[in-house]
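**Student:** File name input26.txt; file contents compact mmCIF, C-alpha atoms and all ligand atoms; full text below.
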# COMPACT_ATOMS: atom_id res chain seq x y z
CA MET A 1 -56.64 -35.75 79.48
CA ARG A 2 -55.89 -32.07 79.92
CA ARG A 3 -53.58 -30.51 77.36
CA ASP A 4 -54.19 -26.82 78.16
CA ARG A 5 -50.67 -26.01 79.26
CA SER A 6 -49.04 -27.92 76.37
CA SER A 7 -51.35 -26.15 73.90
CA GLU A 8 -50.47 -22.78 75.40
CA LEU A 9 -46.75 -23.51 75.23
CA PHE A 10 -47.08 -24.74 71.65
CA GLU A 11 -48.88 -21.55 70.59
CA LYS A 12 -46.07 -19.54 72.12
CA ALA A 13 -43.39 -21.79 70.57
CA LYS A 14 -44.90 -21.22 67.15
CA THR A 15 -44.04 -17.55 67.48
CA TYR A 16 -40.38 -18.45 68.06
CA PHE A 17 -39.63 -21.57 66.01
CA PRO A 18 -40.64 -22.79 62.55
CA GLY A 19 -43.60 -25.08 63.18
CA GLY A 20 -43.15 -24.45 66.90
CA VAL A 21 -40.33 -26.96 67.25
CA ASN A 22 -36.58 -27.39 66.97
CA SER A 23 -36.79 -30.72 65.13
CA PRO A 24 -39.66 -31.53 62.77
CA VAL A 25 -40.98 -34.88 63.97
CA ARG A 26 -41.69 -33.38 67.42
CA ALA A 27 -44.52 -31.36 65.91
CA PHE A 28 -46.96 -34.32 65.88
CA ARG A 29 -47.77 -33.58 62.21
CA SER A 30 -48.13 -37.25 61.28
CA VAL A 31 -50.42 -38.15 64.20
CA GLY A 32 -52.23 -34.83 64.51
CA GLY A 33 -52.97 -32.85 67.67
CA THR A 34 -50.76 -30.82 69.93
CA PRO A 35 -47.30 -32.01 70.87
CA LEU A 36 -46.90 -32.64 74.56
CA PHE A 37 -44.41 -30.35 76.25
CA ILE A 38 -42.42 -32.47 78.63
CA GLU A 39 -41.52 -31.08 82.01
CA ARG A 40 -39.52 -33.89 83.57
CA GLY A 41 -38.57 -37.53 83.40
CA SER A 42 -37.54 -40.17 85.90
CA GLY A 43 -36.78 -43.79 85.10
CA SER A 44 -39.37 -45.13 82.64
CA ARG A 45 -41.72 -42.15 83.19
CA ILE A 46 -42.18 -38.68 81.79
CA TRP A 47 -44.55 -35.94 82.92
CA ASP A 48 -45.93 -33.27 80.62
CA ALA A 49 -46.59 -29.63 81.43
CA ASP A 50 -50.19 -30.47 82.44
CA GLY A 51 -48.96 -33.03 84.94
CA ASN A 52 -49.97 -36.10 82.89
CA GLU A 53 -47.76 -39.13 83.49
CA PHE A 54 -46.60 -41.50 80.75
CA ILE A 55 -44.53 -44.65 80.40
CA ASP A 56 -42.05 -43.50 77.76
CA TYR A 57 -40.99 -45.70 74.82
CA CYS A 58 -39.54 -42.84 72.77
CA CYS A 59 -36.67 -42.39 75.22
CA SER A 60 -35.52 -39.23 73.46
CA TRP A 61 -35.48 -41.23 70.18
CA GLY A 62 -33.07 -43.79 71.51
CA PRO A 63 -30.30 -42.20 73.62
CA LEU A 64 -31.83 -43.01 77.01
CA ILE A 65 -31.08 -46.71 77.32
CA LEU A 66 -31.04 -46.29 81.13
CA GLY A 67 -34.27 -44.29 81.20
CA HIS A 68 -34.59 -40.71 82.43
CA ALA A 69 -32.37 -39.03 85.01
CA HIS A 70 -30.39 -42.15 85.85
CA PRO A 71 -28.62 -41.57 89.20
CA GLU A 72 -25.13 -42.48 87.89
CA VAL A 73 -25.47 -40.23 84.85
CA LYS A 74 -26.68 -37.41 87.07
CA ARG A 75 -23.84 -37.90 89.54
CA ARG A 76 -21.16 -37.85 86.84
CA VAL A 77 -22.65 -34.86 85.04
CA ILE A 78 -22.90 -32.81 88.23
CA LYS A 79 -19.33 -33.68 89.14
CA ALA A 80 -18.18 -32.57 85.67
CA LEU A 81 -20.15 -29.32 85.92
CA ASP A 82 -18.33 -28.45 89.13
CA TYR A 83 -15.09 -28.47 87.16
CA GLY A 84 -16.32 -26.25 84.33
CA THR A 85 -18.30 -26.84 81.17
CA SER A 86 -15.82 -26.53 78.32
CA PHE A 87 -12.16 -25.76 77.72
CA GLY A 88 -11.45 -26.24 74.03
CA ALA A 89 -8.43 -28.20 75.18
CA PRO A 90 -8.08 -31.95 75.75
CA THR A 91 -9.35 -33.48 78.99
CA ALA A 92 -8.77 -36.91 80.54
CA LEU A 93 -12.50 -37.59 80.20
CA GLU A 94 -12.13 -37.96 76.42
CA ASN A 95 -9.47 -40.64 77.00
CA ASP A 96 -11.72 -42.35 79.53
CA LEU A 97 -14.73 -42.59 77.22
CA ALA A 98 -12.55 -43.64 74.26
CA GLU A 99 -10.87 -46.35 76.35
CA LEU A 100 -14.20 -47.62 77.62
CA ILE A 101 -15.48 -47.91 74.06
CA ILE A 102 -12.42 -49.15 72.20
CA SER A 103 -11.40 -51.76 74.75
CA ASN A 104 -14.88 -53.26 74.58
CA HIS A 105 -15.52 -52.92 70.85
CA ARG A 106 -13.48 -55.29 68.69
CA PHE A 107 -14.43 -53.57 65.42
CA ILE A 108 -12.66 -50.23 65.95
CA GLU A 109 -9.19 -49.01 66.87
CA LYS A 110 -9.46 -45.23 66.86
CA ILE A 111 -12.32 -42.81 67.34
CA ARG A 112 -13.10 -39.11 66.90
CA PHE A 113 -15.80 -37.48 69.03
CA VAL A 114 -18.20 -34.96 67.48
CA SER A 115 -21.48 -33.52 68.73
CA SER A 116 -24.29 -35.25 66.80
CA GLY A 117 -25.10 -38.21 64.60
CA THR A 118 -25.43 -35.95 61.59
CA GLU A 119 -21.94 -34.60 62.16
CA ALA A 120 -20.56 -38.13 62.61
CA VAL A 121 -22.02 -39.23 59.26
CA MET A 122 -20.89 -36.08 57.47
CA SER A 123 -17.34 -36.60 58.73
CA ALA A 124 -17.33 -40.34 57.96
CA LEU A 125 -18.34 -39.64 54.36
CA ARG A 126 -15.54 -37.09 54.00
CA LEU A 127 -13.08 -39.59 55.45
CA ALA A 128 -14.20 -42.27 52.97
CA ARG A 129 -13.82 -39.86 50.08
CA GLY A 130 -10.45 -38.72 51.39
CA ILE A 131 -9.13 -42.27 51.69
CA THR A 132 -10.41 -43.54 48.34
CA GLY A 133 -10.10 -40.39 46.26
CA ARG A 134 -13.57 -41.23 44.88
CA SER A 135 -16.64 -39.04 45.14
CA LYS A 136 -19.81 -41.15 44.92
CA ILE A 137 -21.69 -42.47 47.92
CA LEU A 138 -24.26 -45.24 47.79
CA LYS A 139 -27.14 -45.26 50.25
CA PHE A 140 -30.40 -47.14 50.68
CA GLU A 141 -33.97 -45.95 50.47
CA GLY A 142 -35.47 -46.19 53.96
CA CYS A 143 -32.26 -45.47 55.86
CA TYR A 144 -31.82 -42.15 57.66
CA HIS A 145 -28.36 -40.72 58.16
CA GLY A 146 -29.03 -37.25 59.51
CA HIS A 147 -29.61 -34.05 57.60
CA THR A 148 -26.32 -33.48 55.82
CA ASP A 149 -26.68 -32.50 52.11
CA ALA A 150 -25.26 -35.76 50.78
CA MET A 151 -27.85 -37.80 52.67
CA LEU A 152 -30.98 -35.73 51.96
CA VAL A 153 -31.39 -37.57 48.74
CA LYS A 154 -34.11 -39.92 47.60
CA ALA A 155 -34.25 -42.44 44.79
CA GLY A 156 -35.19 -41.27 41.34
CA SER A 157 -37.33 -43.49 39.13
CA GLY A 158 -35.76 -46.80 38.16
CA LEU A 159 -33.85 -49.33 40.22
CA VAL A 160 -30.44 -47.68 40.16
CA THR A 161 -30.45 -43.95 39.60
CA PHE A 162 -28.74 -40.88 40.87
CA GLY A 163 -30.68 -39.45 43.70
CA THR A 164 -32.71 -36.30 43.63
CA SER A 165 -32.61 -34.03 46.62
CA SER A 166 -35.34 -34.67 49.17
CA SER A 167 -35.04 -31.18 50.64
CA ALA A 168 -35.04 -27.75 49.11
CA GLY A 169 -31.63 -26.15 49.43
CA VAL A 170 -29.66 -29.24 48.43
CA PRO A 171 -28.07 -28.55 45.04
CA GLU A 172 -28.87 -31.18 42.41
CA ALA A 173 -25.13 -31.35 41.71
CA PHE A 174 -24.61 -32.64 45.28
CA ALA A 175 -27.49 -35.11 44.94
CA GLN A 176 -25.81 -36.46 41.78
CA GLU A 177 -22.97 -37.73 43.94
CA THR A 178 -25.33 -39.95 45.91
CA ILE A 179 -26.73 -43.16 44.48
CA VAL A 180 -29.88 -44.48 46.13
CA ILE A 181 -31.07 -48.08 45.86
CA PRO A 182 -33.64 -50.21 47.71
CA LEU A 183 -32.64 -52.29 50.73
CA ASP A 184 -32.56 -56.07 50.48
CA SER A 185 -31.80 -56.08 46.74
CA ILE A 186 -28.58 -57.81 45.69
CA SER A 187 -29.40 -57.15 42.04
CA ALA A 188 -29.69 -53.38 42.62
CA LEU A 189 -26.39 -53.48 44.47
CA ASN A 190 -24.69 -55.32 41.59
CA GLU A 191 -26.17 -52.95 39.05
CA ALA A 192 -24.99 -49.89 41.00
CA PHE A 193 -21.43 -51.20 41.19
CA GLU A 194 -21.46 -52.05 37.47
CA LYS A 195 -22.78 -48.66 36.47
CA HIS A 196 -20.39 -46.74 38.69
CA ALA A 197 -17.36 -49.01 38.64
CA GLY A 198 -14.39 -47.48 40.43
CA GLN A 199 -16.33 -44.38 41.49
CA ILE A 200 -18.04 -45.36 44.73
CA ALA A 201 -16.13 -44.18 47.79
CA ALA A 202 -18.48 -45.69 50.32
CA VAL A 203 -21.69 -47.54 50.90
CA ILE A 204 -23.52 -46.30 53.96
CA ILE A 205 -26.21 -48.37 55.63
CA GLU A 206 -28.07 -48.58 58.88
CA PRO A 207 -27.28 -52.27 59.43
CA ILE A 208 -30.42 -52.32 61.56
CA PRO A 209 -32.58 -49.79 59.69
CA ALA A 210 -34.72 -48.22 62.41
CA ASN A 211 -35.75 -44.81 61.12
CA ASN A 212 -38.42 -45.88 58.66
CA GLY A 213 -40.04 -48.71 60.51
CA LEU A 214 -37.72 -51.49 61.62
CA LEU A 215 -36.51 -52.99 58.35
CA LEU A 216 -34.56 -55.98 59.64
CA GLN A 217 -32.17 -57.10 56.91
CA SER A 218 -31.34 -60.66 55.99
CA GLU A 219 -27.87 -61.74 57.04
CA THR A 220 -27.27 -62.90 53.47
CA PHE A 221 -27.79 -59.38 52.17
CA LEU A 222 -25.51 -57.78 54.77
CA ARG A 223 -22.76 -60.35 54.11
CA TYR A 224 -23.04 -59.81 50.38
CA LEU A 225 -22.76 -56.07 50.94
CA ARG A 226 -19.55 -56.59 52.91
CA GLU A 227 -18.15 -58.80 50.19
CA ILE A 228 -18.90 -56.52 47.26
CA CYS A 229 -17.47 -53.49 49.08
CA THR A 230 -14.26 -55.41 49.69
CA THR A 231 -13.89 -56.55 46.09
CA GLN A 232 -14.71 -53.06 44.75
CA ASN A 233 -12.35 -51.27 47.18
CA THR A 234 -15.33 -49.33 48.47
CA LEU A 235 -15.52 -48.54 52.17
CA LEU A 236 -18.49 -49.93 54.08
CA ILE A 237 -19.90 -47.50 56.63
CA PHE A 238 -22.21 -48.88 59.29
CA ASP A 239 -24.30 -46.00 60.57
CA GLU A 240 -24.84 -47.27 64.10
CA VAL A 241 -26.19 -44.03 65.52
CA ILE A 242 -29.27 -45.97 66.69
CA SER A 243 -27.97 -49.53 66.84
CA GLY A 244 -24.60 -48.75 68.48
CA PHE A 245 -24.57 -49.82 72.16
CA ARG A 246 -28.24 -50.81 71.64
CA ALA A 247 -28.01 -54.13 69.76
CA GLY A 248 -25.46 -55.19 72.37
CA PHE A 249 -22.40 -53.09 73.20
CA THR A 250 -20.83 -53.78 69.79
CA GLY A 251 -24.05 -52.95 67.97
CA ALA A 252 -25.02 -54.48 64.66
CA ALA A 253 -21.38 -55.17 63.76
CA GLY A 254 -21.21 -57.50 66.75
CA LEU A 255 -24.69 -58.93 66.26
CA TYR A 256 -23.98 -60.01 62.68
CA ASP A 257 -20.22 -60.36 63.21
CA ILE A 258 -19.48 -58.18 60.19
CA GLN A 259 -16.46 -55.86 60.17
CA PRO A 260 -17.37 -52.51 58.59
CA ASP A 261 -14.66 -50.05 57.55
CA ILE A 262 -16.10 -47.09 59.43
CA ILE A 263 -18.74 -46.95 62.16
CA THR A 264 -20.71 -43.86 63.13
CA PHE A 265 -22.20 -43.39 66.59
CA GLY A 266 -24.60 -41.03 68.28
CA LYS A 267 -27.60 -41.21 70.61
CA ILE A 268 -26.65 -43.72 73.39
CA ILE A 269 -22.96 -42.74 73.30
CA GLY A 270 -23.71 -39.40 74.98
CA GLY A 271 -25.97 -40.55 77.80
CA GLY A 272 -28.60 -37.99 76.75
CA LEU A 273 -26.14 -35.19 76.02
CA PRO A 274 -25.02 -34.23 72.50
CA VAL A 275 -22.26 -36.61 71.45
CA GLY A 276 -21.55 -38.34 68.16
CA ALA A 277 -18.45 -40.19 66.98
CA TYR A 278 -16.94 -41.97 64.05
CA ALA A 279 -14.42 -44.75 64.36
CA SER A 280 -12.34 -47.04 62.23
CA SER A 281 -8.96 -48.76 62.04
CA ALA A 282 -5.93 -46.74 63.19
CA LYS A 283 -4.77 -46.75 59.57
CA ASN A 284 -7.98 -45.20 58.25
CA MET A 285 -8.24 -42.70 61.10
CA ALA A 286 -4.69 -41.51 60.36
CA HIS A 287 -6.23 -39.64 57.41
CA ILE A 288 -8.01 -37.29 59.83
CA SER A 289 -6.58 -33.89 60.66
CA PRO A 290 -4.14 -33.09 62.30
CA GLU A 291 -2.56 -36.48 61.51
CA GLY A 292 -3.79 -36.52 57.92
CA ASN A 293 -5.30 -34.24 55.35
CA VAL A 294 -9.04 -34.85 55.86
CA TYR A 295 -10.16 -31.82 57.85
CA GLN A 296 -12.70 -32.09 60.65
CA ALA A 297 -12.99 -30.08 63.86
CA GLY A 298 -15.40 -28.99 66.59
CA THR A 299 -15.45 -26.31 69.30
CA LEU A 300 -17.47 -28.49 71.67
CA SER A 301 -16.21 -31.90 70.49
CA GLY A 302 -15.37 -34.16 73.42
CA ASN A 303 -17.16 -31.78 75.76
CA PRO A 304 -16.36 -32.82 79.35
CA VAL A 305 -19.95 -32.75 80.60
CA ALA A 306 -21.15 -34.80 77.64
CA MET A 307 -18.19 -37.21 77.95
CA SER A 308 -19.11 -37.75 81.60
CA ALA A 309 -22.69 -38.64 80.74
CA GLY A 310 -21.41 -41.08 78.11
CA ILE A 311 -18.96 -42.68 80.52
CA ALA A 312 -21.67 -43.14 83.14
CA GLN A 313 -24.17 -44.61 80.70
CA LEU A 314 -21.81 -46.95 78.84
CA SER A 315 -20.37 -48.23 82.15
CA GLU A 316 -23.88 -49.36 83.09
CA CYS A 317 -24.33 -51.00 79.68
CA LEU A 318 -21.16 -53.05 80.26
CA LYS A 319 -22.49 -54.67 83.44
CA PRO A 320 -23.07 -58.43 83.06
CA GLY A 321 -26.54 -59.36 81.85
CA PHE A 322 -27.51 -55.80 80.91
CA TYR A 323 -28.52 -56.51 77.31
CA GLU A 324 -30.06 -59.90 78.11
CA GLU A 325 -32.38 -58.27 80.63
CA LEU A 326 -33.37 -55.51 78.18
CA GLU A 327 -34.15 -58.09 75.54
CA ARG A 328 -36.17 -60.22 77.95
CA LYS A 329 -38.42 -57.25 78.72
CA THR A 330 -38.76 -56.35 75.05
CA VAL A 331 -39.78 -59.91 74.19
CA LEU A 332 -42.34 -59.77 77.01
CA LEU A 333 -43.80 -56.57 75.56
CA CYS A 334 -43.85 -57.70 71.94
CA ASP A 335 -45.25 -61.15 72.74
CA GLY A 336 -47.99 -59.63 74.89
CA ILE A 337 -49.12 -57.32 72.10
CA SER A 338 -48.76 -59.99 69.40
CA ASN A 339 -50.79 -62.50 71.39
CA HIS A 340 -53.69 -60.11 71.71
CA ALA A 341 -53.55 -59.20 68.02
CA ARG A 342 -53.50 -62.86 67.07
CA ARG A 343 -56.48 -63.70 69.30
CA LYS A 344 -58.44 -60.84 67.73
CA ASN A 345 -57.19 -61.51 64.23
CA TYR A 346 -55.79 -57.99 63.78
CA PRO A 347 -53.24 -57.44 60.99
CA VAL A 348 -50.50 -56.55 63.46
CA LYS A 349 -46.91 -57.67 63.41
CA MET A 350 -44.34 -56.79 66.05
CA PHE A 351 -40.80 -56.54 64.66
CA ARG A 352 -38.00 -56.56 67.19
CA THR A 353 -34.28 -56.87 67.70
CA GLY A 354 -32.67 -56.45 71.09
CA SER A 355 -34.59 -53.63 72.77
CA ILE A 356 -35.79 -51.94 69.55
CA TRP A 357 -39.35 -52.73 68.50
CA TRP A 358 -41.83 -51.62 65.89
CA ILE A 359 -45.51 -52.25 65.43
CA ALA A 360 -46.58 -52.68 61.81
CA PHE A 361 -50.10 -53.09 60.52
CA THR A 362 -49.48 -55.79 58.00
CA THR A 363 -49.99 -59.46 57.26
CA LYS A 364 -46.49 -59.76 55.78
CA GLU A 365 -43.99 -62.03 57.51
CA HIS A 366 -41.04 -59.73 56.68
CA ILE A 367 -40.76 -56.03 55.93
CA ARG A 368 -37.27 -55.48 54.62
CA SER A 369 -37.49 -52.44 52.38
CA ALA A 370 -39.22 -49.08 52.54
CA GLY A 371 -41.46 -50.11 49.65
CA ASP A 372 -42.91 -52.98 51.73
CA ILE A 373 -44.55 -50.55 54.17
CA ASP A 374 -48.20 -49.82 53.55
CA GLY A 375 -48.64 -46.04 53.82
CA GLU A 376 -52.38 -46.44 54.44
CA SER A 377 -51.65 -48.36 57.64
CA MET A 378 -50.40 -45.12 59.19
CA ASN A 379 -54.04 -44.12 59.67
CA ILE A 380 -54.41 -47.01 62.08
CA PHE A 381 -51.27 -45.92 63.90
CA LYS A 382 -52.69 -42.43 64.29
CA VAL A 383 -55.66 -43.79 66.24
CA LEU A 384 -53.45 -46.16 68.22
CA HIS A 385 -51.09 -43.32 69.18
CA ALA A 386 -53.90 -41.10 70.46
CA GLU A 387 -55.55 -43.94 72.41
CA LEU A 388 -52.23 -44.92 73.98
CA LEU A 389 -51.58 -41.34 75.09
CA GLU A 390 -54.98 -41.35 76.79
CA ARG A 391 -53.86 -44.49 78.62
CA GLY A 392 -50.52 -43.06 79.74
CA ILE A 393 -48.27 -44.64 77.11
CA TYR A 394 -45.96 -42.35 75.11
CA LEU A 395 -44.68 -43.49 71.72
CA GLY A 396 -42.80 -41.40 69.17
CA PRO A 397 -45.45 -39.48 67.20
CA SER A 398 -45.15 -41.37 63.89
CA GLY A 399 -45.89 -44.90 62.79
CA TYR A 400 -42.53 -44.96 61.02
CA GLU A 401 -40.71 -44.58 64.32
CA VAL A 402 -39.51 -47.48 66.44
CA GLY A 403 -39.91 -47.85 70.20
CA PHE A 404 -37.18 -48.45 72.75
CA VAL A 405 -37.20 -50.35 76.02
CA SER A 406 -34.82 -48.98 78.65
CA SER A 407 -33.32 -50.66 81.69
CA ALA A 408 -35.66 -48.49 83.78
CA HIS A 409 -38.78 -50.16 82.41
CA THR A 410 -40.08 -52.67 84.95
CA ASP A 411 -42.11 -55.80 84.31
CA ALA A 412 -45.06 -53.94 85.85
CA ASP A 413 -44.57 -51.15 83.28
CA ILE A 414 -44.56 -53.72 80.50
CA HIS A 415 -47.72 -55.41 81.74
CA ARG A 416 -49.47 -52.08 82.04
CA THR A 417 -48.35 -51.21 78.53
CA ILE A 418 -49.70 -54.48 77.14
CA SER A 419 -53.10 -53.81 78.73
CA ALA A 420 -53.16 -50.31 77.24
CA PHE A 421 -52.25 -51.71 73.82
CA GLU A 422 -55.03 -54.28 74.06
CA GLU A 423 -57.64 -51.57 74.62
CA ALA A 424 -56.10 -49.17 72.09
CA LEU A 425 -55.82 -51.86 69.40
CA ASP A 426 -59.45 -52.84 69.94
CA ILE A 427 -60.34 -49.25 69.08
CA ALA A 428 -57.78 -48.73 66.27
CA CYS A 429 -58.26 -52.10 64.55
CA GLY A 430 -61.81 -52.82 65.64
CA LYS A 431 -63.12 -50.25 63.20
C1 LIG B 501 -30.56 -40.20 64.69
C2 LIG B 501 -29.75 -40.69 63.56
C3 LIG B 501 -28.85 -39.87 62.87
C4 LIG B 501 -28.76 -38.39 63.12
O1 LIG B 501 -28.30 -38.14 64.41
P1 LIG B 501 -28.55 -36.67 65.03
O2 LIG B 501 -27.87 -36.73 66.36
O3 LIG B 501 -30.03 -36.52 65.10
O4 LIG B 501 -27.94 -35.70 64.11
C5 LIG B 501 -28.06 -40.43 61.90
N1 LIG B 501 -28.12 -41.74 61.61
C6 LIG B 501 -28.97 -42.56 62.24
C7 LIG B 501 -28.98 -44.02 61.92
C8 LIG B 501 -29.82 -42.06 63.24
O5 LIG B 501 -30.67 -42.88 63.84
Please lay out the structure from this file as structure tokens.
Ligand SMILES: *Cc1c(COP(=O)(O)O)cnc(C)c1O

**Tutor:**
Amino acid sequence: MRRDRSSELFEKAKTYFPGGVNSPVRAFRSVGGTPLFIERGSGSRIWDADGNEFIDYCCSWGPLILGHAHPEVKRRVIKALDYGTSFGAPTALENDLAELIISNHRFIEKIRFVSSGTEAVMSALRLARGITGRSKILKFEGCYHGHTDAMLVKAGSGLVTFGTSSSAGVPEAFAQETIVIPLDSISALNEAFEKHAGQIAAVIIEPIPANNGLLLQSETFLRYLREICTTQNTLLIFDEVISGFRAGFTGAAGLYDIQPDIITFGKIIGGGLPVGAYASSAKNMAHISPEGNVYQAGTLSGNPVAMSAGIAQLSECLKPGFYEELERKTVLLCDGISNHARRKNYPVKMFRTGSIWWIAFTTKEHIRSAGDIDGESMNIFKVLHAELLERGIYLGPSGYEVGFVSSAHTDADIHRTISAFEEALDIACGK
């Protein structure tokens, strides 16, 4: 496969951007080699700058649930562009997207649009602190919540400790306000609430953790989490930036039928344009400025072009059978790969929920916490990733990243992908 043009562009990009990229995981550091520069996408396919064609399972890291350049999204965006790109004043489009979401999402009453998932989380944390008057936030090792200071914190040693910052530039004093515990541990949760009684404003979790492998949680654990937050007067934040509108329209809240106090959104909500949001009860949202005293604002919040893309995409998601069909195709893909691995006795397990899937090189039945992932297995992924690229299959360039099936993927795409996996696994696991 030729990579000349991508290599050339990457060399040039390195003179402009740190590491040659505008977001770190794009740099292919964990799989090695040159990142592919993408020129265009259509449906399930993308083409790189050298003209190579791929079936895409990265889907821009999740937003593109309809695939690339969906005709309805395009039509709406172009129409919006004709009317101007931004006004810094309210537009009817914000009402339209909010109505579409709220009238079909039984877990929220009011919403505030922002421009990214990071911003949604940052604002949700401030809201929780504003409502409770408490300062500590509890998060879980293995969940990603964007790059805000409070969330760039990793566990210290010991089961329940204050976090230490996982990035330079985050003051230790900020990290001290974040408690980090392992997923799937009721005892750690109890210990944290005992140690910090009356101080925890919010617990934030990816109810479907999908940024560090796919760490599907037990329903028992999620229900216990809801319960303890209620009894401790701590707000439960579901970070549904990935799972929102993905695990069904009502996301993980709907899937598990658990009512969180605040939900954050991103990715799918903007139809491929930059949109994030946080939502809650009308009572909680009344704390947000200008109604309340928790300040939060944005020059491009509710941007009309981005709102239009979101309206177009979410309208498609609401069509009958949309999620069932996505899941059917994802099952087809995962079963096809699993069957081959089983026949060949490879230590491969496909984890899946809805249209999110993850390949793990393990013999374990469940992987529910970050500590359950075998770091060594990422060497196998590295080979798999390279071999799949050679065969026209594009996955996110890290074994810790999940894959996404879009409505644009056809059964023929899936079958071709299974064949490519069979060959690539024979090389990656055969060694
Ligand atoms: C992607 C993601 C974020 C960050 O969203 P950005 O739009 O990249 O800032 C936050 N939380 C979760 C669960 C995510 O998957």

**Student:** Which neighbours of Val405 in chain A fall inside 9 Å, counting only C-alpha atoms, when residues of the same chain fewer than 2 positions from it are skipped, and could you give them as JSON, numbers by chain?

**Tutor:** {"A": [44, 56, 57, 58, 59, 62, 65, 66, 67, 326, 327, 329, 330, 355, 356, 357, 403, 407, 408, 409]}

**Student:** Could the residues of chain A that have an atom at most 6 Å from ligand LIG 501 (chain B) be listed as CSV, each with its closest atom pair and the distance in Å to one decimal, counting all atoms listed in the file and ordered by chain and ascending residue number?

**Tutor:**
residue,atom,partner,partner_atom,distance
A:Ser116,CA,B:LIG501,O2,3.9
A:Gly117,CA,B:LIG501,O1,3.2
A:Thr118,CA,B:LIG501,O4,3.6
A:Tyr144,CA,B:LIG501,C6,5.4
A:His145,CA,B:LIG501,N1,3.6
A:Gly146,CA,B:LIG501,C4,3.8
A:Glu206,CA,B:LIG501,C7,5.6
A:Asp239,CA,B:LIG501,C7,5.3
A:Glu240,CA,B:LIG501,C7,5.7
A:Val241,CA,B:LIG501,C6,4.5
A:Ile242,CA,B:LIG501,O5,4.4
A:Gly266,CA,B:LIG501,O2,5.7

**Student:** Taking 6 positions as the minimum chain separation for residues in the same chain, which residues sit within 10 Å of Glu219 in chain A when counting all atoms listed in the file? Answer as an MDAnalysis selection string.

**Tutor:** chainID A and resid 184 207 225 256:258

**Student:** Of the candidates A:Asn345, A:Ser369, A:Ser338, A:Thr250, which one gets nearest to Ile418 in chain A if we count all atoms listed in the file?

**Tutor:**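 Between A:Asn345, A:Ser369, A:Ser338, A:Thr250, the residue approaching Ile418 in chain A most closely is A:Ser338.
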
**Student:** Please compute the CA of Gly142 in chain A-CA of Phe361 in chain A distance, one decimal, in Å.

**Tutor:**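 We find that CA of Gly142 in chain A and CA of Phe361 in chain A lie 17.5 Å from each other.
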
**Student:** Report, in Å with one decimal, the straight-line distance from CA of Met307 in chain A to CA of Ile262 in chain A.

**Tutor:**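 Rounded to one decimal, the two atoms are 21.1 Å apart.
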
**Student:** I want to know what sits within 9 Å of Thr85 in chain A, based on all atoms listed in the file, with residues of the same chain fewer than 5 positions away left out; could you give that as number ranges by chain?

**Tutor:** A: 80, 303-305

**Student:** Excluding Pro63 in chain A and any residue of its chain fewer than 6 positions from it, enumerate the residues within 10 Å of it, using all atoms listed in the file, and give them as a list in words.

**Tutor:**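 Once the nearby chain positions are removed, what remains is Val241, Ile242, Phe245, Arg246, Gly266, Lys267, Ile268, Ile269, Gly270, Gly271, Gly272, Leu273, Pro274, Gln313, Phe404 and Ser406 of chain A.
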
**Student:** Suppose we keep C-alpha atoms; can you now write the selection as a compact mmCIF listing (two decimals), keeping the file's coordinate frame?

**Tutor:**
# COMPACT_ATOMS: atom_id res chain seq x y z
CA VAL A 241 -26.19 -44.03 65.52
CA ILE A 242 -29.27 -45.97 66.69
CA PHE A 245 -24.57 -49.82 72.16
CA ARG A 246 -28.24 -50.81 71.64
CA GLY A 266 -24.60 -41.03 68.28
CA LYS A 267 -27.60 -41.21 70.61
CA ILE A 268 -26.65 -43.72 73.39
CA ILE A 269 -22.96 -42.74 73.30
CA GLY A 270 -23.71 -39.40 74.98
CA GLY A 271 -25.97 -40.55 77.80
CA GLY A 272 -28.60 -37.99 76.75
CA LEU A 273 -26.14 -35.19 76.02
CA PRO A 274 -25.02 -34.23 72.50
CA GLN A 313 -24.17 -44.61 80.70
CA PHE A 404 -37.18 -48.45 72.75
CA SER A 406 -34.82 -48.98 78.65
